[in-house]
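As stored in entry09.txt (compact mmCIF, C-alpha atoms):
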# COMPACT_ATOMS: atom_id res chain seq x y z
CA MET A 12 6.92 20.14 100.72
CA ARG A 13 4.34 20.77 98.02
CA GLY A 14 6.68 23.22 96.33
CA LEU A 15 9.53 20.73 96.46
CA LYS A 16 7.42 17.95 94.98
CA ASP A 17 6.38 20.23 92.12
CA ARG A 18 10.06 20.60 91.21
CA ILE A 19 10.59 16.84 90.95
CA ARG A 20 9.82 15.19 87.65
CA GLN A 21 7.08 12.55 87.65
CA ILE A 22 7.17 9.79 85.05
CA ALA A 23 5.50 6.40 84.66
CA PRO A 24 8.37 3.89 84.51
CA TYR A 25 8.69 0.75 82.45
CA VAL A 26 7.12 -2.24 84.18
CA PRO A 27 9.16 -5.43 83.66
CA GLY A 28 7.83 -8.95 84.02
CA GLU A 29 7.53 -10.24 87.55
CA GLN A 30 10.71 -11.58 89.15
CA PRO A 31 9.42 -13.90 91.89
CA LYS A 32 11.84 -14.76 94.68
CA GLU A 33 10.68 -18.36 95.00
CA ARG A 34 12.73 -21.07 93.34
CA ASP A 35 9.99 -23.69 92.99
CA ILE A 36 8.24 -21.95 90.10
CA ILE A 37 8.09 -22.22 86.33
CA LYS A 38 9.13 -18.82 85.02
CA LEU A 39 8.01 -18.23 81.45
CA ASN A 40 7.31 -14.50 81.59
CA THR A 41 10.51 -12.64 80.71
CA ASN A 42 11.94 -14.53 77.71
CA GLU A 43 15.07 -15.65 79.51
CA CYS A 44 17.04 -18.59 78.15
CA PRO A 45 15.99 -21.78 79.98
CA TYR A 46 19.50 -23.27 79.82
CA PRO A 47 22.82 -22.37 81.48
CA PRO A 48 25.28 -20.04 79.74
CA SER A 49 28.28 -21.22 77.75
CA PRO A 50 30.81 -23.49 79.47
CA MET A 51 33.44 -21.08 78.18
CA LEU A 52 31.71 -18.28 80.13
CA LEU A 53 31.60 -20.40 83.29
CA ALA A 54 35.30 -21.23 82.91
CA ALA A 55 36.13 -17.55 82.48
CA LEU A 56 34.13 -16.78 85.63
CA LYS A 57 36.26 -19.19 87.66
CA GLU A 58 39.44 -17.73 86.24
CA PHE A 59 38.48 -14.05 86.55
CA PRO A 60 41.17 -12.29 88.63
CA GLY A 61 39.66 -10.64 91.68
CA GLU A 62 42.48 -8.10 91.60
CA ASP A 63 40.88 -6.56 88.50
CA LEU A 64 37.84 -5.49 90.51
CA ARG A 65 39.77 -2.71 92.24
CA ARG A 66 40.52 -1.08 88.90
CA TYR A 67 38.20 0.73 86.53
CA SER A 68 36.95 -1.34 83.62
CA ASP A 69 38.11 -0.87 80.04
CA THR A 70 36.08 2.05 78.69
CA GLU A 71 36.20 0.58 75.18
CA ALA A 72 35.31 -2.97 76.38
CA GLY A 73 37.99 -4.11 73.96
CA ASP A 74 37.80 -7.88 74.56
CA LEU A 75 34.03 -7.93 74.09
CA VAL A 76 34.13 -5.71 71.01
CA GLN A 77 36.86 -7.86 69.45
CA ALA A 78 34.87 -11.04 70.11
CA LEU A 79 31.83 -9.52 68.40
CA SER A 80 34.01 -8.34 65.51
CA ASP A 81 35.50 -11.81 65.04
CA VAL A 82 32.17 -13.66 65.18
CA TYR A 83 30.06 -11.24 63.13
CA GLY A 84 32.71 -9.99 60.72
CA VAL A 85 32.06 -6.33 61.55
CA PRO A 86 34.96 -3.89 62.09
CA ALA A 87 35.50 -3.01 65.74
CA ASP A 88 34.91 0.69 65.12
CA GLN A 89 31.40 -0.14 63.90
CA ILE A 90 30.39 -1.83 67.15
CA PHE A 91 28.99 -0.24 70.32
CA VAL A 92 28.45 -2.17 73.57
CA GLY A 93 26.44 -1.43 76.69
CA VAL A 94 24.76 -2.74 79.81
CA GLY A 95 22.20 -4.85 78.03
CA SER A 96 20.46 -3.79 74.84
CA ASP A 97 18.20 -1.59 76.99
CA GLU A 98 21.10 0.75 77.77
CA VAL A 99 22.18 0.67 74.13
CA LEU A 100 18.67 1.57 73.00
CA ALA A 101 18.24 4.27 75.66
CA LEU A 102 21.49 5.89 74.54
CA ALA A 103 20.35 5.63 70.93
CA PHE A 104 17.12 7.47 71.81
CA GLN A 105 19.18 10.22 73.45
CA THR A 106 21.66 10.40 70.59
CA PHE A 107 19.43 10.30 67.53
CA PHE A 108 15.92 11.44 68.44
CA THR A 109 16.14 14.32 70.94
CA GLU A 110 16.80 16.96 68.27
CA LEU A 111 13.85 16.30 65.95
CA SER A 112 12.50 19.24 63.96
CA ASP A 113 9.10 20.75 64.72
CA GLY A 114 6.35 18.46 63.52
CA GLU A 115 8.60 15.40 63.38
CA HIS A 116 7.98 12.22 65.36
CA LEU A 117 9.73 9.00 66.18
CA LEU A 118 7.69 6.21 64.58
CA PHE A 119 7.25 2.74 66.04
CA PRO A 120 4.45 0.10 66.01
CA ASP A 121 1.55 0.46 68.41
CA VAL A 122 2.01 -3.13 69.59
CA THR A 123 5.71 -3.43 70.35
CA TYR A 124 8.34 -3.30 73.10
CA SER A 125 6.76 -1.24 75.86
CA PHE A 126 10.04 0.48 76.82
CA TYR A 127 9.95 2.61 73.64
CA PRO A 128 7.25 5.04 74.81
CA VAL A 129 8.88 5.25 78.26
CA TRP A 130 12.23 6.35 76.82
CA ALA A 131 10.42 8.76 74.53
CA GLU A 132 8.70 10.42 77.48
CA LEU A 133 11.88 10.41 79.53
CA TYR A 134 13.81 12.25 76.82
CA HIS A 135 10.89 14.43 75.65
CA ILE A 136 10.80 12.84 72.21
CA PRO A 137 7.55 13.27 70.23
CA VAL A 138 6.27 9.92 68.99
CA ARG A 139 3.62 8.46 66.72
CA ALA A 140 2.61 4.89 67.39
CA VAL A 141 1.76 3.33 64.03
CA PRO A 142 -1.06 0.74 64.15
CA THR A 143 -0.16 -2.78 63.11
CA ASP A 144 -2.71 -4.61 60.98
CA ASP A 145 -5.39 -6.95 62.35
CA GLY A 146 -2.85 -9.78 62.51
CA PHE A 147 -0.37 -7.54 64.39
CA LYS A 148 1.94 -7.28 61.36
CA ILE A 149 3.91 -4.13 60.64
CA ARG A 150 2.88 -2.48 57.36
CA ARG A 151 5.88 -1.43 55.32
CA GLU A 152 4.04 1.44 53.64
CA ASP A 153 3.40 3.09 57.02
CA TYR A 154 7.13 3.80 57.35
CA ILE A 155 7.83 5.03 53.83
CA GLY A 156 7.23 8.58 52.62
CA GLN A 157 5.93 9.79 55.99
CA GLN A 158 6.41 13.56 56.18
CA ASP A 159 6.42 13.60 59.98
CA ALA A 160 9.00 10.82 60.41
CA GLY A 161 12.06 12.04 62.28
CA GLY A 162 13.27 8.52 63.02
CA ILE A 163 12.06 4.92 63.07
CA ILE A 164 12.48 2.00 65.43
CA PHE A 165 10.94 -1.46 65.39
CA PRO A 166 11.91 -4.90 66.67
CA ASN A 167 12.40 -7.74 64.23
CA PRO A 168 11.08 -10.20 65.30
CA ASN A 169 8.59 -7.89 66.95
CA ALA A 170 7.80 -8.20 70.64
CA PRO A 171 5.39 -9.22 71.99
CA THR A 172 3.94 -10.51 68.71
CA SER A 173 6.91 -12.78 67.71
CA ILE A 174 6.41 -11.86 64.02
CA CYS A 175 9.54 -11.54 61.87
CA GLU A 176 9.67 -9.61 58.61
CA PRO A 177 12.04 -10.61 55.77
CA LEU A 178 15.27 -8.75 55.19
CA ALA A 179 13.94 -7.16 51.98
CA PHE A 180 11.11 -5.60 54.03
CA VAL A 181 13.61 -4.09 56.47
CA GLU A 182 15.90 -2.88 53.69
CA GLU A 183 13.11 -1.04 51.89
CA ILE A 184 12.28 0.94 55.03
CA VAL A 185 15.96 1.80 55.60
CA ARG A 186 16.56 2.70 51.95
CA SER A 187 13.43 4.87 51.79
CA ASN A 188 14.50 6.98 54.80
CA PRO A 189 18.11 7.95 53.97
CA ASP A 190 18.15 11.11 56.11
CA LYS A 191 16.59 9.45 59.18
CA VAL A 192 18.09 6.99 61.65
CA VAL A 193 16.36 3.61 61.47
CA ILE A 194 16.92 1.27 64.42
CA VAL A 195 16.18 -2.43 64.05
CA ASP A 196 15.95 -4.08 67.47
CA GLU A 197 17.04 -7.69 66.95
CA ALA A 198 16.73 -9.07 70.48
CA TYR A 199 15.15 -12.28 69.09
CA ILE A 200 16.73 -12.58 65.65
CA ASP A 201 18.68 -15.73 66.56
CA PHE A 202 15.44 -17.75 66.79
CA GLY A 203 14.27 -17.01 63.24
CA GLY A 204 14.68 -14.61 60.35
CA GLU A 205 17.68 -12.96 58.75
CA SER A 206 19.67 -10.26 60.53
CA ALA A 207 20.02 -6.78 59.07
CA VAL A 208 23.69 -6.64 60.08
CA SER A 209 24.57 -7.38 56.46
CA LEU A 210 23.05 -4.02 55.47
CA ILE A 211 25.14 -1.68 57.62
CA GLU A 212 27.87 -1.23 55.01
CA ARG A 213 25.30 -0.04 52.47
CA TYR A 214 23.18 2.20 54.69
CA GLU A 215 24.79 4.81 56.93
CA ASN A 216 21.45 5.48 58.65
CA LEU A 217 20.94 1.91 59.98
CA LEU A 218 21.61 0.81 63.56
CA VAL A 219 21.12 -2.87 64.43
CA VAL A 220 20.82 -3.64 68.15
CA GLN A 221 21.22 -7.11 69.67
CA THR A 222 21.50 -8.69 73.12
CA GLY A 223 23.16 -11.53 74.97
CA SER A 224 20.16 -11.97 77.24
CA LYS A 225 18.11 -14.36 75.11
CA SER A 226 20.02 -16.78 72.90
CA ARG A 227 23.24 -16.62 74.91
CA ALA A 228 21.75 -16.99 78.41
CA MET A 229 23.31 -13.80 79.83
CA ALA A 230 20.24 -11.90 81.04
CA GLY A 231 21.76 -11.49 84.51
CA LEU A 232 25.09 -10.29 83.14
CA ARG A 233 23.63 -7.38 81.11
CA VAL A 234 25.48 -7.39 77.80
CA GLY A 235 24.12 -5.70 74.67
CA TRP A 236 25.57 -4.27 71.50
CA ALA A 237 24.85 -2.38 68.30
CA PHE A 238 26.26 -2.53 64.76
CA GLY A 239 26.20 0.52 62.54
CA SER A 240 28.12 3.02 60.45
CA ARG A 241 31.12 4.73 61.99
CA MET A 242 29.14 7.96 62.09
CA LEU A 243 26.38 6.44 64.22
CA ILE A 244 28.77 4.49 66.48
CA ASP A 245 30.96 7.55 67.10
CA ALA A 246 27.86 9.57 68.01
CA LEU A 247 26.72 6.90 70.48
CA LYS A 248 30.15 6.82 72.13
CA ALA A 249 30.19 10.60 72.47
CA VAL A 250 26.89 10.56 74.35
CA LYS A 251 27.89 7.61 76.55
CA PHE A 252 31.25 9.13 77.49
CA SER A 253 29.52 12.42 78.30
CA PHE A 254 28.06 10.98 81.49
CA ASN A 255 29.73 7.65 82.35
CA SER A 256 32.74 6.05 80.71
CA TYR A 257 32.57 2.87 82.81
CA THR A 258 29.04 1.56 82.39
CA MET A 259 30.20 -1.99 81.59
CA ASN A 260 31.97 -3.73 84.45
CA SER A 261 35.07 -5.88 83.98
CA PRO A 262 33.41 -9.27 84.65
CA ALA A 263 30.66 -8.53 82.11
CA ILE A 264 33.27 -7.66 79.48
CA ALA A 265 35.35 -10.79 80.09
CA LEU A 266 32.47 -13.24 80.48
CA GLY A 267 30.51 -11.72 77.62
CA ALA A 268 33.50 -12.09 75.30
CA ALA A 269 33.83 -15.76 76.28
CA ALA A 270 30.16 -16.44 75.56
CA ILE A 271 30.26 -14.65 72.20
CA ARG A 272 33.20 -16.77 71.10
CA ASP A 273 31.44 -20.05 71.94
CA VAL A 274 29.60 -20.16 68.64
CA ASP A 275 28.83 -23.89 68.71
CA TYR A 276 27.13 -23.71 72.11
CA TRP A 277 25.14 -20.62 71.05
CA LYS A 278 23.84 -22.40 67.96
CA GLU A 279 22.94 -25.48 69.99
CA LEU A 280 20.93 -23.35 72.46
CA CYS A 281 19.00 -21.83 69.57
CA ARG A 282 18.35 -25.25 68.03
CA ARG A 283 16.99 -26.66 71.30
CA ILE A 284 14.74 -23.68 71.93
CA ILE A 285 13.37 -23.69 68.38
CA SER A 286 12.63 -27.42 68.65
CA THR A 287 10.74 -26.95 71.92
CA ARG A 288 8.92 -23.93 70.47
CA GLU A 289 7.48 -26.11 67.72
CA ARG A 290 6.31 -28.73 70.23
CA LEU A 291 4.77 -26.03 72.42
CA SER A 292 3.04 -24.55 69.37
CA SER A 293 1.43 -27.89 68.52
CA GLY A 294 0.29 -28.42 72.09
CA LEU A 295 -1.25 -24.97 72.40
CA ARG A 296 -3.15 -25.30 69.13
CA GLU A 297 -4.66 -28.58 70.33
CA LEU A 298 -5.89 -26.74 73.43
CA GLY A 299 -7.68 -24.03 71.43
CA PHE A 300 -5.02 -21.31 71.40
CA SER A 301 -4.20 -19.26 68.32
CA PHE A 302 -1.07 -17.19 67.70
CA PRO A 303 1.11 -15.82 64.91
CA GLU A 304 3.88 -18.04 63.63
CA SER A 305 6.74 -17.35 66.02
CA SER A 306 10.28 -16.47 65.05
CA ALA A 307 11.23 -15.73 68.66
CA ASN A 308 11.74 -17.68 71.89
CA PHE A 309 8.13 -17.08 72.91
CA LEU A 310 4.56 -17.38 71.63
CA PHE A 311 1.91 -14.65 71.61
CA ALA A 312 -1.17 -16.73 72.30
CA LYS A 313 -4.89 -16.15 72.74
CA HIS A 314 -7.48 -18.76 73.75
CA GLU A 315 -10.67 -18.99 71.72
CA THR A 316 -13.04 -18.90 74.73
CA ILE A 317 -11.17 -18.03 77.96
CA SER A 318 -9.79 -14.57 78.68
CA GLY A 319 -6.09 -13.94 78.92
CA GLU A 320 -6.50 -12.54 82.42
CA GLU A 321 -8.20 -15.70 83.65
CA VAL A 322 -5.58 -18.02 82.18
CA PHE A 323 -2.79 -15.79 83.51
CA GLN A 324 -4.13 -15.71 87.07
CA THR A 325 -4.94 -19.42 87.13
CA LEU A 326 -1.45 -20.34 85.94
CA LYS A 327 0.08 -17.96 88.46
CA ALA A 328 -1.82 -19.66 91.27
CA ARG A 329 -0.10 -22.87 90.14
CA LYS A 330 3.29 -21.10 90.23
CA ILE A 331 3.58 -20.91 86.46
CA TYR A 332 4.36 -17.37 85.36
CA VAL A 333 3.61 -16.04 81.86
CA ARG A 334 3.27 -12.41 80.71
CA HIS A 335 -0.04 -10.59 80.42
CA TRP A 336 -0.88 -6.95 79.72
CA ASN A 337 -4.12 -5.11 80.46
CA ALA A 338 -3.65 -3.07 77.33
CA PRO A 339 -5.69 -2.18 74.25
CA ARG A 340 -5.79 -4.85 71.50
CA ILE A 341 -3.72 -7.40 73.45
CA GLY A 342 -5.62 -7.85 76.73
CA ASP A 343 -6.63 -11.42 75.85
CA HIS A 344 -3.14 -12.45 74.76
CA LEU A 345 -0.41 -14.12 76.76
CA ARG A 346 3.28 -14.01 75.95
CA ILE A 347 4.66 -17.43 76.83
CA THR A 348 8.42 -17.96 76.94
CA VAL A 349 9.75 -21.24 75.57
CA GLY A 350 11.18 -23.13 78.53
CA THR A 351 12.83 -26.50 78.92
CA GLU A 352 11.13 -29.69 77.75
CA GLU A 353 10.10 -30.41 81.35
CA GLU A 354 8.69 -26.91 81.85
CA THR A 355 6.78 -27.23 78.59
CA ASP A 356 5.27 -30.53 79.74
CA ALA A 357 4.16 -28.94 83.02
CA LEU A 358 2.70 -25.89 81.28
CA LEU A 359 0.70 -27.95 78.79
CA ALA A 360 -0.57 -30.24 81.55
CA ALA A 361 -1.75 -27.25 83.58
CA LEU A 362 -3.43 -25.67 80.56
CA GLN A 363 -5.15 -28.94 79.77
CA GLU A 364 -6.80 -28.77 83.20
CA ILE A 365 -7.63 -25.07 82.85
CA VAL A 366 -9.04 -24.94 79.33
CA GLY A 367 -9.47 -28.58 78.35

Taking this structure as input, can you express it in the form of structure tokens?
Amino acid sequence: MRGLKDRIRQIAPYVPGEQPKERDIIKLNTNECPYPPSPMLLAALKEFPGEDLRRYSDTEAGDLVQALSDVYGVPADQIFVGVGSDEVLALAFQTFFTELSDGEHLLFPDVTYSFYPVWAELYHIPVRAVPTDDGFKIRREDYIGQQDAGGIIFPNPNAPTSICEPLAFVEEIVRSNPDKVVIVDEAYIDFGGESAVSLIERYENLLVVQTGSKSRAMAGLRVGWAFGSRMLIDALKAVKFSFNSYTMNSPAIALGAAAIRDVDYWKELCRRIISTRERLSSGLRELGFSFPESSANFLFAKHETISGEEVFQTLKARKIYVRHWNAPRIGDHLRITVGTEEETDALLAALQEIVG
């Protein structure tokens, strides 16, 4: 048995936020949308033909790709879709960063989405985590003229910090690395900032990745996509079709397309969440919390006197879940998802008792 175990690869997996089974909780730890998905999606769910489930899904996810093309104005052959943006990103790591030259590294911020180092280890990609500044901001100069850079990825807005950089900042990094793939992970772009999708026609090395999990309330459906040059999209498809042509199931394609097309509902969800985010921000400041200005659907908050661990555990005992990491630099911070107005009231009332 010892010999067998030695032949099996050991890896530390990504640890997602808790997914409690109870229903009588306030769940503000995984940045899900607090509101139901589009009525057009729900109508499509009722009308979905069960007969289609016995057949393989469309390998090209044509309805979903066309919906994205119509809404974003990007040609269909410059769009790639997958099972959530996590699958899209994992395939991008495989496609663009597993053949780095000796001495090259994939660069990303030291405080960022914690799946990046997991994928890097999984695919044996050498990485260099680039320190953010004291305010957790990404420094543009750290990604320009770096001799060891074999590729670059960063979220904008960043997670878990919620900080968004302007489009000119993103463009300078892309423009300054013409022979390297630069991935901009825009999971939270709909809550603030300007998307880099407008840059893909000018820069062949840019891949912009987005998700339906946050602003379109489809976290349970698993729908993600990427926009990029035809060269990058064709390369992604070649890798995907090398191991599984049917990763997206038929209901996800049909329901995802319906949600994408409901532009008015999507914009209204974003408006409501942004409005609640501003009220939550004011309430937290009054209670002694500090945090960067958020351009996401969450806040990255630290209390001036009470540890993040203590606040996290005390809230959890009250069945209010937020996200906490025992990690360097951010151990006293909490990532708090913006919930409904009622959830926000309950959170602020609980915090008033804990820290007030």

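Residues in contact range of stretch 275-283 of chain A, defined as at most 8 Å between only C-alpha atoms, with sequence neighbours fewer than 6 positions away removed, read Tyr46, Ser49, Asp201, Phe202, Ser226 and Arg227 of chain A.
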
Q | Counting all atoms listed in the file, the residue of A:Glu212, A:Glu98, A:Glu152, A:Glu132 that sits nearest A:Gly84 | A |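 For A:Gly84, the nearest of the candidates is A:Glu212.
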
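Residues within 9 Å of A:Thr172, counting only C-alpha atoms and excluding same-chain residues fewer than 4 positions away, are A:Val122, A:Thr123, A:Phe147, A:Lys148, A:Pro168, A:Phe302, A:Pro303, A:Ser305, A:Ala307, A:Phe309, A:Leu310, A:Phe311, A:Ala312, A:Arg346.
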
Query - Computed interatomic separation between atom CA of A:Ala230 and atom CA of A:Asn167 (Å) - result: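 Taking atom CA of A:Ala230 as the start and atom CA of A:Asn167 as the end point, the length is 19.0 Å.
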
task: Select, from A:Glu71, A:Glu315, A:Glu29, A:Glu176, the residue with the minimum atom-to-atom distance to A:Tyr332, counting all atoms listed in the file.
output: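 That would be A:Glu29, the residue with the smallest distance to A:Tyr332.
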
Pairwise distance, atom CA of A:Asp356 with atom CA of A:Ile37, equals 11.0 Å

Pick from A:Ser286, A:Leu102, A:Leu232, A:Thr316 nearest to A:Ala265, counting all atoms listed in the file: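 So, comparing all the options, the nearest one is A:Leu232.
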
Exercise. May I have the residues within 12 Å of A:Leu217 as a PyMOL selection string, using all atoms listed in the file and disregarding those fewer than 6 positions away in the same chain?
Key: chain A and resi 89+103+107+162-165+181-196+207-211+237-244

In Å and to one decimal, atom CA of A:Pro166 is distant from atom CA of A:Tyr124 by 7.5 Å

Test item: residues at most 8 Å from A:Val349, all atoms listed in the file, excluding those fewer than 3 positions along its chain, as a list in words: Leu39, Asn42, Pro45, Ile284, Thr287, Arg288, Leu291, Asn308, Phe309, Leu310 and Thr355 of chain A

**Message:** Considering all atoms listed in the file, can you say which of A:Pro171, A:Gly299, A:Gly294, A:Gly319 comes closest to A:Leu359?
**Reply:**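 So, comparing all the options, the nearest one is A:Gly294.
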
Worksheet item: Which protein, DNA or RNA residues have an atom at most 12 Å from (-0.9, -28.7, 83.6), counting all atoms listed in the file? List them as JSON, numbers by chain.
Response: {"A": [37, 294, 295, 298, 322, 325, 326, 327, 328, 329, 330, 331, 353, 354, 355, 356, 357, 358, 359, 360, 361, 362, 363, 364, 365, 366, 367]}

Let me have the centre and edge lengths in Å, one decimal, of the box along x, y and z around every listed atom of stretch 330-345 of chain A with 6 Å of margin on each side, as lines of an AutoDock Vina configuration file.
center_x = -1.1
center_y = -11.6
center_z = 80.9
size_x = 23.0
size_y = 30.9
size_z = 30.7

Closest to A:Gly28 among A:Ser261, A:Thr348, A:Gln77, A:Ser112, using all atoms listed in the file?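 Distance minimum relative to A:Gly28 lands on A:Thr348.
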
Practice problem: Would you kindly return, as a PyMOL selection string, each protein, DNA or RNA residue with an atom no farther than 10 Å from any atom of A:Phe126, considering all atoms listed in the file and excluding same-chain residues fewer than 6 positions away? | Solution: chain A and resi 24-27+97+100-101

Restore N, CA and C atoms in stretch 199-214 of chain A and list the result as a PDB file, keeping the file's coordinate frame.
ATOM      1  N   TYR A 199      15.580 -10.882  69.286  1.00  0.00           N
ATOM      2  CA  TYR A 199      15.150 -12.280  69.090  1.00  0.00           C
ATOM      3  C   TYR A 199      15.546 -12.838  67.732  1.00  0.00           C
ATOM      4  N   ILE A 200      16.445 -12.184  67.029  1.00  0.00           N
ATOM      5  CA  ILE A 200      16.730 -12.580  65.650  1.00  0.00           C
ATOM      6  C   ILE A 200      17.356 -13.975  65.564  1.00  0.00           C
ATOM      7  N   ASP A 201      17.999 -14.431  66.615  1.00  0.00           N
ATOM      8  CA  ASP A 201      18.680 -15.730  66.560  1.00  0.00           C
ATOM      9  C   ASP A 201      17.716 -16.914  66.527  1.00  0.00           C
ATOM     10  N   PHE A 202      16.427 -16.662  66.772  1.00  0.00           N
ATOM     11  CA  PHE A 202      15.440 -17.750  66.790  1.00  0.00           C
ATOM     12  C   PHE A 202      14.634 -17.816  65.495  1.00  0.00           C
ATOM     13  N   GLY A 203      14.994 -16.993  64.508  1.00  0.00           N
ATOM     14  CA  GLY A 203      14.270 -17.010  63.240  1.00  0.00           C
ATOM     15  C   GLY A 203      14.503 -15.723  62.478  1.00  0.00           C
ATOM     16  N   GLY A 204      14.501 -15.810  61.156  1.00  0.00           N
ATOM     17  CA  GLY A 204      14.680 -14.610  60.350  1.00  0.00           C
ATOM     18  C   GLY A 204      16.140 -14.362  60.013  1.00  0.00           C
ATOM     19  N   GLU A 205      16.359 -13.310  59.242  1.00  0.00           N
ATOM     20  CA  GLU A 205      17.680 -12.960  58.750  1.00  0.00           C
ATOM     21  C   GLU A 205      18.057 -11.592  59.300  1.00  0.00           C
ATOM     22  N   SER A 206      19.225 -11.506  59.902  1.00  0.00           N
ATOM     23  CA  SER A 206      19.670 -10.260  60.530  1.00  0.00           C
ATOM     24  C   SER A 206      19.929  -9.182  59.486  1.00  0.00           C
ATOM     25  N   ALA A 207      19.733  -7.933  59.918  1.00  0.00           N
ATOM     26  CA  ALA A 207      20.020  -6.780  59.070  1.00  0.00           C
ATOM     27  C   ALA A 207      21.461  -6.308  59.192  1.00  0.00           C
ATOM     28  N   VAL A 208      22.283  -7.036  59.948  1.00  0.00           N
ATOM     29  CA  VAL A 208      23.690  -6.640  60.080  1.00  0.00           C
ATOM     30  C   VAL A 208      24.360  -6.549  58.724  1.00  0.00           C
ATOM     31  N   SER A 209      23.960  -7.394  57.793  1.00  0.00           N
ATOM     32  CA  SER A 209      24.570  -7.380  56.460  1.00  0.00           C
ATOM     33  C   SER A 209      24.328  -6.076  55.709  1.00  0.00           C
ATOM     34  N   LEU A 210      23.400  -5.245  56.184  1.00  0.00           N
ATOM     35  CA  LEU A 210      23.050  -4.020  55.470  1.00  0.00           C
ATOM     36  C   LEU A 210      23.831  -2.790  55.938  1.00  0.00           C
ATOM     37  N   ILE A 211      24.571  -2.906  57.039  1.00  0.00           N
ATOM     38  CA  ILE A 211      25.140  -1.680  57.620  1.00  0.00           C
ATOM     39  C   ILE A 211      26.201  -1.049  56.735  1.00  0.00           C
ATOM     40  N   GLU A 212      26.863  -1.827  55.889  1.00  0.00           N
ATOM     41  CA  GLU A 212      27.870  -1.230  55.010  1.00  0.00           C
ATOM     42  C   GLU A 212      27.233  -0.437  53.875  1.00  0.00           C
ATOM     43  N   ARG A 213      25.979  -0.738  53.564  1.00  0.00           N
ATOM     44  CA  ARG A 213      25.300  -0.040  52.470  1.00  0.00           C
ATOM     45  C   ARG A 213      24.495   1.165  52.942  1.00  0.00           C
ATOM     46  N   TYR A 214      24.085   1.161  54.216  1.00  0.00           N
ATOM     47  CA  TYR A 214      23.180   2.200  54.690  1.00  0.00           C
ATOM     48  C   TYR A 214      23.736   2.845  55.962  1.00  0.00           C
TER      49      TYR A 214
END
